[in-house]
$ cat run-v1.csv   # CSV, C-alpha atoms
chain,number,residue,atom,x,y,z
A,1,MET,CA,113.2,32.8,-10.4
A,2,ALA,CA,117.0,32.4,-10.2
A,3,LYS,CA,118.6,35.8,-10.2
A,4,LYS,CA,121.7,34.3,-11.5
A,5,GLU,CA,123.5,36.3,-14.3
A,6,SER,CA,123.7,34.4,-17.6
A,7,THR,CA,127.2,34.2,-19.1
A,8,LEU,CA,128.4,31.9,-21.8
A,9,GLY,CA,130.6,30.1,-19.3
A,10,ASN,CA,128.0,29.4,-16.6
A,11,MET,CA,125.3,28.5,-19.2
A,12,LEU,CA,127.5,25.9,-20.8
A,13,PHE,CA,128.5,24.6,-17.4
A,14,ALA,CA,125.0,24.3,-16.1
A,15,LEU,CA,123.7,22.5,-19.2
A,16,PHE,CA,126.7,20.2,-19.2
A,17,VAL,CA,126.2,19.2,-15.6
A,18,ILE,CA,122.5,18.7,-16.0
A,19,THR,CA,122.7,16.6,-19.1
A,20,PHE,CA,125.6,14.6,-17.7
A,21,CYS,CA,123.7,13.8,-14.5
A,22,ALA,CA,120.6,12.9,-16.6
A,23,SER,CA,122.6,10.5,-18.9
A,24,LEU,CA,124.1,8.9,-15.8
A,25,ALA,CA,120.7,8.3,-14.2
A,26,LEU,CA,119.2,7.1,-17.4
A,27,SER,CA,122.0,4.6,-18.2
A,28,MET,CA,121.6,3.2,-14.7
A,29,VAL,CA,117.9,2.8,-15.0
A,30,TYR,CA,118.4,1.3,-18.5
A,31,SER,CA,120.8,-1.4,-17.3
A,32,LEU,CA,118.5,-2.2,-14.4
A,33,THR,CA,115.4,-2.6,-16.5
A,34,LYS,CA,117.0,-4.2,-19.6
A,35,ALA,CA,116.6,-7.8,-18.4
A,36,PRO,CA,113.1,-7.5,-17.0
A,37,ILE,CA,111.9,-5.7,-20.2
A,38,ALA,CA,113.4,-8.5,-22.4
A,39,ALA,CA,111.8,-11.1,-20.0
A,40,ALA,CA,108.4,-9.4,-20.3
A,41,MET,CA,108.6,-9.4,-24.1
A,42,MET,CA,109.6,-13.1,-24.0
A,43,ALA,CA,106.8,-13.9,-21.7
A,44,ARG,CA,104.4,-12.1,-24.0
A,45,THR,CA,105.6,-14.2,-27.0
A,46,ASN,CA,105.5,-17.5,-25.1
A,47,ASN,CA,102.1,-16.7,-23.7
A,48,ALA,CA,100.8,-16.1,-27.2
A,49,ILE,CA,102.4,-19.3,-28.5
A,50,MET,CA,100.7,-21.3,-25.7
A,51,GLU,CA,97.4,-19.7,-26.6
A,52,VAL,CA,97.4,-20.5,-30.3
A,53,ILE,CA,98.6,-24.0,-30.6
A,54,PRO,CA,97.6,-27.2,-28.7
A,55,ASP,CA,99.7,-28.7,-25.9
A,56,PHE,CA,103.3,-29.1,-26.6
A,57,ASP,CA,106.3,-30.3,-24.6
A,58,ASN,CA,109.2,-28.7,-26.4
A,59,VAL,CA,110.4,-25.1,-26.2
A,60,PRO,CA,109.1,-23.5,-29.5
A,61,SER,CA,111.2,-20.4,-29.1
A,62,GLU,CA,114.4,-22.5,-29.2
A,63,GLU,CA,113.4,-24.1,-32.4
A,64,ALA,CA,112.1,-20.9,-34.1
A,65,TYR,CA,113.1,-20.3,-37.7
A,66,GLN,CA,112.5,-17.4,-40.0
A,67,VAL,CA,110.7,-17.7,-43.3
A,68,SER,CA,111.0,-15.0,-45.9
A,69,ILE,CA,107.7,-13.9,-47.5
A,70,GLY,CA,109.1,-11.5,-50.1
A,71,GLY,CA,109.3,-7.7,-50.0
A,72,GLY,CA,112.1,-8.0,-47.6
A,73,ASP,CA,109.8,-9.2,-44.8
A,74,THR,CA,110.2,-12.4,-42.7
A,75,LEU,CA,107.9,-14.1,-40.3
A,76,ILE,CA,109.0,-16.1,-37.3
A,77,PHE,CA,107.7,-19.7,-37.1
A,78,TYR,CA,107.6,-21.4,-33.7
A,79,PRO,CA,107.0,-25.2,-34.1
A,80,GLY,CA,105.3,-26.9,-31.2
A,81,ARG,CA,106.0,-30.6,-30.8
A,82,LYS,CA,104.6,-33.3,-28.5
A,83,ASP,CA,106.7,-36.5,-28.2
A,84,GLY,CA,108.7,-35.3,-31.2
A,85,GLU,CA,105.5,-35.0,-33.3
A,86,LEU,CA,104.6,-31.6,-34.8
A,87,VAL,CA,101.2,-30.5,-33.2
A,88,GLY,CA,101.1,-27.0,-34.6
A,89,THR,CA,103.1,-24.0,-35.7
A,90,ALA,CA,102.7,-20.6,-34.1
A,91,ILE,CA,103.5,-17.9,-36.6
A,92,GLU,CA,104.3,-14.3,-35.6
A,93,SER,CA,102.7,-12.2,-38.3
A,94,PHE,CA,101.9,-8.5,-38.8
A,95,THR,CA,100.2,-5.9,-40.9
A,96,ARG,CA,101.0,-2.3,-41.3
A,97,ASN,CA,97.5,-1.5,-42.5
A,98,GLY,CA,95.9,-1.1,-39.1
A,99,PHE,CA,93.9,2.0,-38.3
A,100,SER,CA,96.9,3.2,-36.3
A,101,GLY,CA,99.7,1.4,-38.1
A,102,LEU,CA,101.3,-1.9,-37.0
A,103,ILE,CA,99.3,-4.8,-35.7
A,104,LYS,CA,101.2,-7.9,-34.6
A,105,VAL,CA,99.4,-11.2,-34.3
A,106,MET,CA,100.3,-14.8,-33.4
A,107,VAL,CA,98.6,-17.3,-35.6
A,108,GLY,CA,98.5,-21.0,-34.7
A,109,VAL,CA,98.3,-23.3,-37.7
A,110,MET,CA,97.8,-27.1,-37.4
A,111,PRO,CA,99.8,-29.5,-39.5
A,112,ASP,CA,96.8,-30.0,-41.7
A,113,GLY,CA,96.4,-26.3,-42.5
A,114,THR,CA,93.5,-25.3,-40.2
A,115,ILE,CA,93.9,-22.3,-38.0
A,116,HIS,CA,93.8,-23.5,-34.4
A,117,ASP,CA,93.7,-20.0,-32.8
A,118,VAL,CA,94.9,-16.5,-33.2
A,119,MET,CA,96.0,-13.8,-30.7
A,120,THR,CA,96.9,-10.2,-31.0
A,121,ILE,CA,100.4,-9.5,-29.6
A,122,SER,CA,100.5,-5.7,-30.0
A,123,HIS,CA,98.5,-3.0,-31.7
A,124,ALA,CA,97.7,0.7,-31.3
A,125,GLU,CA,94.0,0.6,-32.5
A,126,THR,CA,91.4,2.9,-31.0
A,127,PRO,CA,90.6,1.9,-27.4
A,128,GLY,CA,86.9,0.8,-27.1
A,129,LEU,CA,86.6,0.1,-30.9
A,130,GLY,CA,89.5,-1.5,-32.7
A,131,ASP,CA,90.9,-3.0,-29.5
A,132,LYS,CA,88.2,-5.7,-29.7
A,133,ILE,CA,90.8,-7.7,-31.6
A,134,GLU,CA,92.3,-8.3,-28.1
A,135,LYS,CA,91.0,-11.6,-26.6
A,136,ARG,CA,90.4,-10.1,-23.2
A,137,LYS,CA,88.2,-7.3,-24.7
A,138,SER,CA,85.9,-9.4,-27.0
A,139,ASP,CA,85.4,-12.8,-28.5
A,140,TRP,CA,85.6,-11.5,-32.1
A,141,THR,CA,88.9,-13.3,-32.9
A,142,THR,CA,87.6,-16.5,-31.4
A,143,ASP,CA,84.3,-16.4,-33.1
A,144,TRP,CA,85.7,-15.8,-36.6
A,145,PHE,CA,89.2,-17.2,-36.7
A,146,SER,CA,89.5,-20.1,-34.3
A,147,GLY,CA,89.3,-23.5,-35.9
A,148,ARG,CA,88.7,-22.1,-39.4
A,149,ASP,CA,90.3,-23.5,-42.5
A,150,PRO,CA,90.9,-20.7,-45.0
A,151,ARG,CA,90.5,-23.2,-47.9
A,152,ASP,CA,86.7,-23.6,-47.2
A,153,PHE,CA,86.0,-20.4,-45.2
A,154,ASN,CA,87.0,-17.1,-46.7
A,155,LEU,CA,88.6,-15.2,-43.9
A,156,ALA,CA,88.3,-11.8,-45.5
A,157,ILE,CA,85.6,-9.5,-44.1
A,158,ARG,CA,82.2,-9.3,-45.8
A,159,GLN,CA,83.0,-5.8,-47.3
A,160,ASP,CA,85.8,-7.5,-49.2
A,161,GLY,CA,83.8,-10.5,-50.4
A,162,GLY,CA,84.7,-12.7,-47.5
A,163,GLU,CA,82.6,-14.3,-44.7
A,164,VAL,CA,83.8,-12.6,-41.6
A,165,ASP,CA,81.6,-9.9,-39.9
A,166,ALA,CA,83.8,-6.9,-39.3
A,167,ILE,CA,83.9,-5.4,-35.8
A,168,THR,CA,81.2,-2.6,-35.6
A,169,ALA,CA,82.8,0.8,-36.5
A,170,SER,CA,86.2,-0.8,-37.0
A,171,THR,CA,86.2,-2.1,-40.5
A,172,ILE,CA,89.8,-1.0,-41.2
A,173,THR,CA,91.1,-2.8,-38.1
A,174,SER,CA,89.1,-5.9,-39.0
A,175,ARG,CA,90.4,-5.9,-42.6
A,176,ALA,CA,94.0,-5.4,-41.3
A,177,PHE,CA,93.6,-8.2,-38.8
A,178,SER,CA,92.4,-10.7,-41.3
A,179,GLU,CA,95.2,-9.7,-43.7
A,180,ALA,CA,97.8,-10.4,-41.0
A,181,VAL,CA,96.2,-13.8,-40.3
A,182,MET,CA,96.1,-14.7,-44.0
A,183,ARG,CA,99.7,-13.6,-44.4
A,184,ALA,CA,100.8,-16.1,-41.8
A,185,TRP,CA,98.6,-18.8,-43.3
A,186,ASP,CA,99.8,-18.2,-46.8
A,187,ALA,CA,103.4,-18.2,-45.6
A,188,TYR,CA,102.8,-21.5,-43.8
A,189,MET,CA,101.2,-23.2,-46.9
A,190,ASN,CA,104.0,-22.0,-49.2
A,191,TYR,CA,106.6,-23.1,-46.8
A,192,LYS,CA,105.0,-26.5,-46.4
A,193,GLU,CA,104.8,-27.0,-50.2
A,194,SER,CA,108.4,-26.1,-50.8
A,195,ASN,CA,109.7,-28.4,-48.1
B,1,MET,CA,100.5,30.5,1.7
B,2,ASN,CA,99.9,27.8,4.2
B,3,GLN,CA,100.7,24.2,3.3
B,4,LEU,CA,97.2,22.8,3.7
B,5,ASN,CA,95.9,25.4,1.3
B,6,ASN,CA,98.7,24.6,-1.0
B,7,PHE,CA,97.8,20.9,-0.9
B,8,THR,CA,94.0,21.2,-1.5
B,9,LYS,CA,94.2,23.8,-4.3
B,10,GLY,CA,94.8,21.2,-7.0
B,11,PHE,CA,91.6,19.3,-6.5
B,12,ILE,CA,88.9,21.9,-7.3
B,13,ARG,CA,90.1,25.5,-6.9
B,14,GLU,CA,93.1,25.2,-9.2
B,15,ASN,CA,92.4,21.8,-10.8
B,16,PRO,CA,94.9,21.5,-13.6
B,17,VAL,CA,92.4,20.2,-16.2
B,18,PHE,CA,89.1,21.8,-15.2
B,19,ILE,CA,90.3,25.2,-14.1
B,20,LEU,CA,93.8,25.8,-15.4
B,21,PHE,CA,93.2,23.9,-18.7
B,22,LEU,CA,96.8,22.4,-18.6
B,23,GLY,CA,97.7,19.0,-20.0
B,24,LEU,CA,94.6,18.6,-22.1
B,25,CYS,CA,96.3,16.5,-24.8
B,26,PRO,CA,96.8,13.5,-22.6
B,27,ALA,CA,93.5,14.3,-20.7
B,28,LEU,CA,91.6,13.9,-23.9
B,29,GLY,CA,93.7,11.2,-25.5
B,30,VAL,CA,94.0,8.5,-22.8
B,31,THR,CA,90.7,8.7,-21.0
B,32,THR,CA,88.8,6.1,-22.8
B,33,THR,CA,88.5,4.1,-19.6
B,34,ALA,CA,88.8,5.2,-16.0
B,35,ILE,CA,91.8,2.9,-15.4
B,36,ASN,CA,93.8,4.4,-18.2
B,37,GLY,CA,93.0,7.9,-16.9
B,38,ILE,CA,94.1,7.0,-13.4
B,39,GLY,CA,97.3,5.2,-14.6
B,40,MET,CA,98.2,8.2,-16.7
B,41,GLY,CA,97.4,10.5,-13.7
B,42,PHE,CA,99.7,8.6,-11.3
B,43,ALA,CA,102.6,8.5,-13.9
B,44,THR,CA,102.2,12.2,-14.3
B,45,THR,CA,102.1,12.8,-10.6
B,46,PHE,CA,105.3,10.9,-10.1
B,47,VAL,CA,107.1,13.0,-12.8
B,48,LEU,CA,105.6,16.2,-11.4
B,49,ILE,CA,106.8,15.5,-7.9
B,50,MET,CA,110.3,14.4,-8.9
B,51,SER,CA,110.8,17.3,-11.4
B,52,ASN,CA,109.5,19.8,-8.8
B,53,ILE,CA,112.0,18.4,-6.2
B,54,VAL,CA,115.0,18.6,-8.5
B,55,ILE,CA,114.1,22.0,-10.0
B,56,SER,CA,113.4,23.4,-6.6
B,57,LEU,CA,116.9,22.2,-5.5
B,58,ILE,CA,118.8,23.4,-8.4
B,59,LYS,CA,116.9,26.7,-9.0
B,60,ASN,CA,119.8,28.8,-7.7
B,61,PHE,CA,122.4,27.3,-9.9
B,62,ILE,CA,120.6,27.6,-13.2
B,63,PRO,CA,121.4,30.8,-15.2
B,64,ALA,CA,118.0,32.4,-16.2
B,65,ASN,CA,118.6,32.1,-19.9
B,66,VAL,CA,119.0,28.4,-20.0
B,67,ARG,CA,116.3,27.5,-17.4
B,68,ILE,CA,113.8,26.1,-19.9
B,69,PRO,CA,116.2,23.7,-21.6
B,70,SER,CA,117.4,22.6,-18.2
B,71,PHE,CA,113.9,22.0,-16.9
B,72,ILE,CA,113.0,20.0,-20.0
B,73,VAL,CA,116.1,17.8,-19.6
B,74,VAL,CA,115.1,17.0,-16.0
B,75,ILE,CA,111.5,16.3,-16.9
B,76,ALA,CA,112.4,14.1,-19.9
B,77,SER,CA,114.8,12.1,-17.8
B,78,PHE,CA,112.1,11.3,-15.3
B,79,VAL,CA,109.6,10.4,-18.0
B,80,THR,CA,112.1,8.0,-19.5
B,81,ILE,CA,112.7,6.5,-16.1
B,82,VAL,CA,108.9,6.0,-15.7
B,83,GLU,CA,108.6,4.5,-19.2
B,84,LEU,CA,111.4,2.0,-18.7
B,85,THR,CA,110.2,1.0,-15.2
B,86,MET,CA,106.7,0.5,-16.4
B,87,ALA,CA,107.7,-1.6,-19.4
B,88,ALA,CA,109.8,-3.7,-17.1
B,89,PHE,CA,107.6,-4.3,-14.1
B,90,MET,CA,104.0,-3.4,-15.3
B,91,PRO,CA,103.8,-4.7,-18.8
B,92,SER,CA,100.0,-4.9,-19.0
B,93,LEU,CA,99.6,-1.2,-17.9
B,94,PHE,CA,102.4,-0.3,-20.3
B,95,ASP,CA,100.5,-2.0,-23.1
B,96,SER,CA,97.6,0.4,-22.7
B,97,LEU,CA,99.5,3.6,-21.8
B,98,GLY,CA,102.8,3.0,-23.5
B,99,LEU,CA,102.0,5.3,-26.4
B,100,PHE,CA,101.2,8.2,-24.1
B,101,ILE,CA,104.0,8.1,-21.6
B,102,PRO,CA,106.5,10.0,-23.8
B,103,LEU,CA,103.9,12.7,-24.1
B,104,ILE,CA,104.3,13.6,-20.4
B,105,VAL,CA,107.5,15.4,-21.5
B,106,VAL,CA,105.5,17.9,-23.4
B,107,ASN,CA,102.6,18.0,-20.9
B,108,CYS,CA,102.5,21.8,-20.2
B,109,LEU,CA,101.3,21.0,-16.7
B,110,VAL,CA,104.7,19.6,-15.7
B,111,LEU,CA,106.8,22.4,-17.4
B,112,GLY,CA,104.2,24.9,-16.2
B,113,ARG,CA,104.5,24.0,-12.6
B,114,ALA,CA,108.3,23.8,-12.9
B,115,GLU,CA,108.5,27.3,-14.4
B,116,ALA,CA,105.7,29.0,-12.4
B,117,PHE,CA,106.1,27.3,-9.0
B,118,ALA,CA,109.0,25.0,-8.3
B,119,SER,CA,111.6,27.5,-9.5
B,120,LYS,CA,110.3,30.1,-7.1
B,121,ASN,CA,109.6,28.1,-4.0
B,122,ASN,CA,111.4,26.0,-1.4
B,123,LEU,CA,111.6,22.2,-1.5
B,124,ILE,CA,108.7,21.3,0.8
B,125,THR,CA,106.3,23.8,-0.9
B,126,ALA,CA,107.3,22.5,-4.3
B,127,VAL,CA,106.8,18.8,-3.3
B,128,ILE,CA,103.3,19.6,-1.9
B,129,ASP,CA,102.5,21.6,-5.1
B,130,GLY,CA,103.5,18.6,-7.2
B,131,LEU,CA,101.5,16.2,-5.2
B,132,SER,CA,98.4,18.4,-5.2
B,133,MET,CA,98.6,19.2,-8.9
B,134,GLY,CA,99.3,15.5,-9.7
B,135,LEU,CA,96.4,14.2,-7.6
B,136,GLY,CA,94.1,16.8,-9.1
B,137,PHE,CA,95.2,15.7,-12.5
B,138,THR,CA,94.6,12.1,-11.6
B,139,LEU,CA,91.2,13.0,-10.2
B,140,ALA,CA,90.2,14.8,-13.4
B,141,LEU,CA,91.4,12.1,-15.7
B,142,GLY,CA,89.8,9.4,-13.6
B,143,LEU,CA,86.4,11.3,-13.7
B,144,LEU,CA,86.7,11.9,-17.4
B,145,GLY,CA,87.7,8.3,-18.1
B,146,GLY,CA,84.9,7.1,-15.8
B,147,VAL,CA,82.2,9.2,-17.6
B,148,ARG,CA,83.4,8.1,-21.1
B,149,GLU,CA,83.6,4.4,-20.1
B,150,LEU,CA,80.2,4.6,-18.4
B,151,PHE,CA,78.4,6.0,-21.5
B,152,GLY,CA,80.6,4.6,-24.2
B,153,ASP,CA,81.1,1.1,-23.1
B,154,GLY,CA,78.5,0.6,-20.3
B,155,SER,CA,81.0,-0.4,-17.7
B,156,ILE,CA,82.6,0.9,-14.6
B,157,LEU,CA,86.3,0.2,-14.0
B,158,GLY,CA,86.1,-2.6,-16.5
B,159,TRP,CA,83.0,-4.2,-14.9
B,160,LYS,CA,80.5,-4.4,-17.7
B,161,PHE,CA,76.8,-4.1,-16.7
B,162,ILE,CA,75.2,-3.7,-20.1
B,163,GLN,CA,75.6,-6.1,-23.1
B,164,GLY,CA,76.8,-4.8,-26.4
B,165,ASP,CA,78.1,-1.4,-27.3
B,166,GLY,CA,77.3,1.9,-25.5
B,167,MET,CA,77.2,5.3,-27.1
B,168,LEU,CA,80.3,4.9,-29.2
B,169,ILE,CA,80.7,8.7,-29.6
B,170,PHE,CA,81.9,8.8,-26.0
B,171,ILE,CA,84.8,6.5,-26.8
B,172,LEU,CA,85.8,8.5,-29.8
B,173,SER,CA,87.4,11.9,-29.7
B,174,PRO,CA,84.3,14.1,-29.9
B,175,GLY,CA,83.0,12.3,-26.7
B,176,ALA,CA,86.1,13.4,-24.9
B,177,PHE,CA,85.4,17.0,-25.6
B,178,LEU,CA,81.7,16.7,-24.8
B,179,ALA,CA,82.4,14.9,-21.5
B,180,LEU,CA,85.2,17.4,-20.6
B,181,GLY,CA,82.8,20.3,-21.3
B,182,TYR,CA,80.2,19.0,-18.9
B,183,LEU,CA,82.8,18.2,-16.2
B,184,ILE,CA,84.2,21.8,-16.5
B,185,MET,CA,80.6,23.1,-16.1
B,186,LEU,CA,80.1,21.0,-13.0
B,187,SER,CA,83.5,21.9,-11.5
B,188,ASN,CA,82.7,25.6,-12.0
B,189,LYS,CA,79.4,25.1,-10.2
B,190,VAL,CA,81.2,23.4,-7.3
B,191,LYS,CA,83.8,26.1,-7.2
B,192,LYS,CA,81.3,28.9,-6.6

$ encode --input "run-v1.csv" --output "structure tokens"
Amino acid sequence: MAKKESTLGNMLFALFVITFCASLALSMVYSLTKAPIAAAMMARTNNAIMEVIPDFDNVPSEEAYQVSIGGGDTLIFYPGRKDGELVGTAIESFTRNGFSGLIKVMVGVMPDGTIHDVMTISHAETPGLGDKIEKRKSDWTTDWFSGRDPRDFNLAIRQDGGEVDAITASTITSRAFSEAVMRAWDAYMNYKESN
Amino acid sequence: MNQLNNFTKGFIRENPVFILFLGLCPALGVTTTAINGIGMGFATTFVLIMSNIVISLIKNFIPANVRIPSFIVVIASFVTIVELTMAAFMPSLFDSLGLFIPLIVVNCLVLGRAEAFASKNNLITAVIDGLSMGLGFTLALGLLGGVRELFGDGSILGWKFIQGDGMLIFILSPGAFLALGYLIMLSNKVKK
């Protein structure tokens, strides 16, 4: 252990030097990683858009618009077009009712109102249980949400009177996921009606 | 203490998880799969080595009364560097570990080695100690994750060999304690 005597002066000085060096190092790393982190986020969003709507030839993120859904919340709509024709809209939706809080999903809605596909963007659900809402972990989202039309298939889970089988031992996660999907779909239908 | 001895102590004899019981919070929290455990282990190893280096170098300039705050600032800086770097260049690993990376700051293993070892030893010894403890921690987390993944999900390193669910209790928290208990028993057996 350092035998150094502690005086007010040298304690202040030591802490000042250490925190100064630490902030310097951190600001450097931050400026170096800022662009790659933004790019990684962007890539994640674009990837999700490509997953959930059919082939498009525009850049949906450049035509994105925000739709207010009440309660101070907004959803981001990414329209996908091919030859100028709308082929589907990817909607970034969310729910705060996951087993561990926020779940973000991308929902692809076709112009006629059917759900083309859905994909989880981020979540903090229990690994091994609730994380089956990720496509790479399980086919649950594909089995129950892809190609469904909420007007003739109730996308709530069975426990809530719907038609979707919840993930084993992850009822809360399943309920939250279907809520996030329905939030996007409702927003899309409202938006379509009012325009 | 000779350096070879110093290097090998972290694996069995003074394994941070099985023998010293340090850093149990991340050890139980992230080890639902072997890959998560190993990723967390390497991130911790990096922080351990870097903080041991810096603390060993500055040990003679730190007044005794402010050593703990100084160590924590050093450790927290390296953890933030790991977090930012991982988010930038390994987004998929960051997705599964992101939540736990900030917890490395309060991992008593890192502060414990800084206080008990790096602040009393020279640079080389401190680096080897960090490497040894870090790899021992990685080994422990990998084993724990492997056991839980094997029984809980029926897969090894993501390769699934049974269909359907395994024994779900191993994925949930009680399974972490159970598996850890048996691994501690085994490592005590090996140690003797």

$ residues_near_point --input "run-v1.csv" --point "(107.3, -8.1, -14.8)" --cutoff "6 Å" --atoms "only C-alpha atoms" --output "VMD selection string"
(chain A and resid 40) or (chain B and resid 88 to 90)

$ interface_residues --input "run-v1.csv" --of "chain B" --to "chain A" --cutoff "6 Å" --atoms "all atoms listed in the file" --output "number ranges by chain"
B: 59-60, 63, 77, 87-88, 119-120

$ closest_atom_pairs --input "run-v1.csv" --of "segment 152-176 of chain A" --to "segment 131-134 of chain A" --cutoff "10 Å" --atoms "all atoms listed in the file" --output "CSV"
residue,atom,partner,partner_atom,distance
A:Ile167,CA,A:Lys132,CA,7.5
A:Thr168,CA,A:Lys132,CA,9.7
A:Ser170,CA,A:Lys132,CA,9.0
A:Thr173,CA,A:Ile133,CA,8.1
A:Ser174,CA,A:Ile133,CA,7.8

$ write_last_selection --input "run-v1.csv" --atoms "C-alpha atoms" --output "mmCIF file, in the coordinates of the input"
data_model
loop_
_atom_site.group_PDB
_atom_site.id
_atom_site.type_symbol
_atom_site.label_atom_id
_atom_site.label_comp_id
_atom_site.auth_asym_id
_atom_site.auth_seq_id
_atom_site.Cartn_x
_atom_site.Cartn_y
_atom_site.Cartn_z
ATOM 1 C CA ILE A 167 83.900 -5.400 -35.800
ATOM 2 C CA THR A 168 81.200 -2.600 -35.600
ATOM 3 C CA SER A 170 86.200 -0.800 -37.000
ATOM 4 C CA THR A 173 91.100 -2.800 -38.100
ATOM 5 C CA SER A 174 89.100 -5.900 -39.000
#

$ residues_around --input "run-v1.csv" --residues "Asn2 of chain B" --least-positions-apart "6" --cutoff "12 Å" --atoms "all atoms listed in the file" --output "PyMOL selection string"
chain B and resi 8-9+124-125+128-129

$ residues_near_point --input "run-v1.csv" --point "(85.5, -12.9, -42.4)" --cutoff "12 Å" --atoms "all atoms listed in the file" --output "JSON, numbers by chain"
{"A": [140, 141, 142, 143, 144, 145, 146, 148, 149, 150, 152, 153, 154, 155, 156, 157, 158, 159, 160, 161, 162, 163, 164, 165, 166, 167, 171, 174, 175, 176, 177, 178, 179, 181, 182]}

$ atom_distance --input "run-v1.csv" --atom1 "atom CA of Glu92 of chain A" --atom2 "atom CA of Ser194 of chain A"
19.7 Å

$ closest_residue --input "run-v1.csv" --among "A:Gly130, A:Gly84, A:Gly9, A:Pro79" --to "Leu172 of chain B" --atoms "all atoms listed in the file"
A:Gly130

$ decode --input "run-v1.csv" --residues "segment 130-135 of chain A" --atoms "all heavy atoms" --output "CSV table (one decimal), in the first residue's frame"
chain,number,residue,atom,x,y,z
A,130,GLY,N,-38.1,-15.4,-22.4
A,130,GLY,CA,-38.7,-14.3,-23.1
A,130,GLY,C,-38.0,-13.9,-24.4
A,130,GLY,O,-38.6,-13.3,-25.3
A,131,ASP,N,-36.7,-14.3,-24.5
A,131,ASP,CA,-36.0,-13.9,-25.7
A,131,ASP,C,-36.4,-14.7,-26.9
A,131,ASP,O,-35.8,-14.5,-28.0
A,131,ASP,CB,-34.5,-13.9,-25.5
A,131,ASP,CG,-33.9,-15.3,-25.3
A,131,ASP,OD1,-34.7,-16.2,-25.2
A,131,ASP,OD2,-32.7,-15.4,-25.3
A,132,LYS,N,-37.4,-15.6,-26.8
A,132,LYS,CA,-37.9,-16.3,-28.0
A,132,LYS,C,-38.7,-15.3,-28.9
A,132,LYS,O,-39.1,-15.7,-30.0
A,132,LYS,CB,-38.8,-17.5,-27.5
A,132,LYS,CG,-38.0,-18.5,-26.8
A,132,LYS,CD,-38.7,-19.9,-26.8
A,132,LYS,CE,-37.9,-21.0,-26.2
A,132,LYS,NZ,-37.6,-20.8,-24.8
A,133,ILE,N,-38.9,-14.1,-28.5
A,133,ILE,CA,-39.5,-13.1,-29.4
A,133,ILE,C,-38.4,-12.7,-30.4
A,133,ILE,O,-38.7,-12.0,-31.4
A,133,ILE,CB,-40.0,-11.9,-28.7
A,133,ILE,CG1,-38.9,-11.2,-27.8
A,133,ILE,CG2,-41.2,-12.2,-27.8
A,133,ILE,CD1,-39.4,-9.9,-27.2
A,134,GLU,N,-37.2,-13.1,-30.3
A,134,GLU,CA,-36.2,-12.8,-31.3
A,134,GLU,C,-36.3,-13.9,-32.4
A,134,GLU,O,-36.4,-15.1,-32.1
A,134,GLU,CB,-34.7,-12.9,-30.7
A,134,GLU,CG,-34.3,-11.7,-30.0
A,134,GLU,CD,-32.9,-11.9,-29.3
A,134,GLU,OE1,-32.0,-12.4,-30.1
A,134,GLU,OE2,-32.8,-11.6,-28.2
A,135,LYS,N,-36.2,-13.4,-33.6
A,135,LYS,CA,-36.3,-14.4,-34.8
A,135,LYS,C,-35.2,-15.4,-34.7
A,135,LYS,O,-35.5,-16.6,-35.1
A,135,LYS,CB,-36.2,-13.6,-36.1
A,135,LYS,CG,-37.6,-13.2,-36.6
A,135,LYS,CD,-37.5,-12.9,-38.1
A,135,LYS,CE,-38.8,-13.1,-38.7
A,135,LYS,NZ,-39.8,-12.2,-38.1
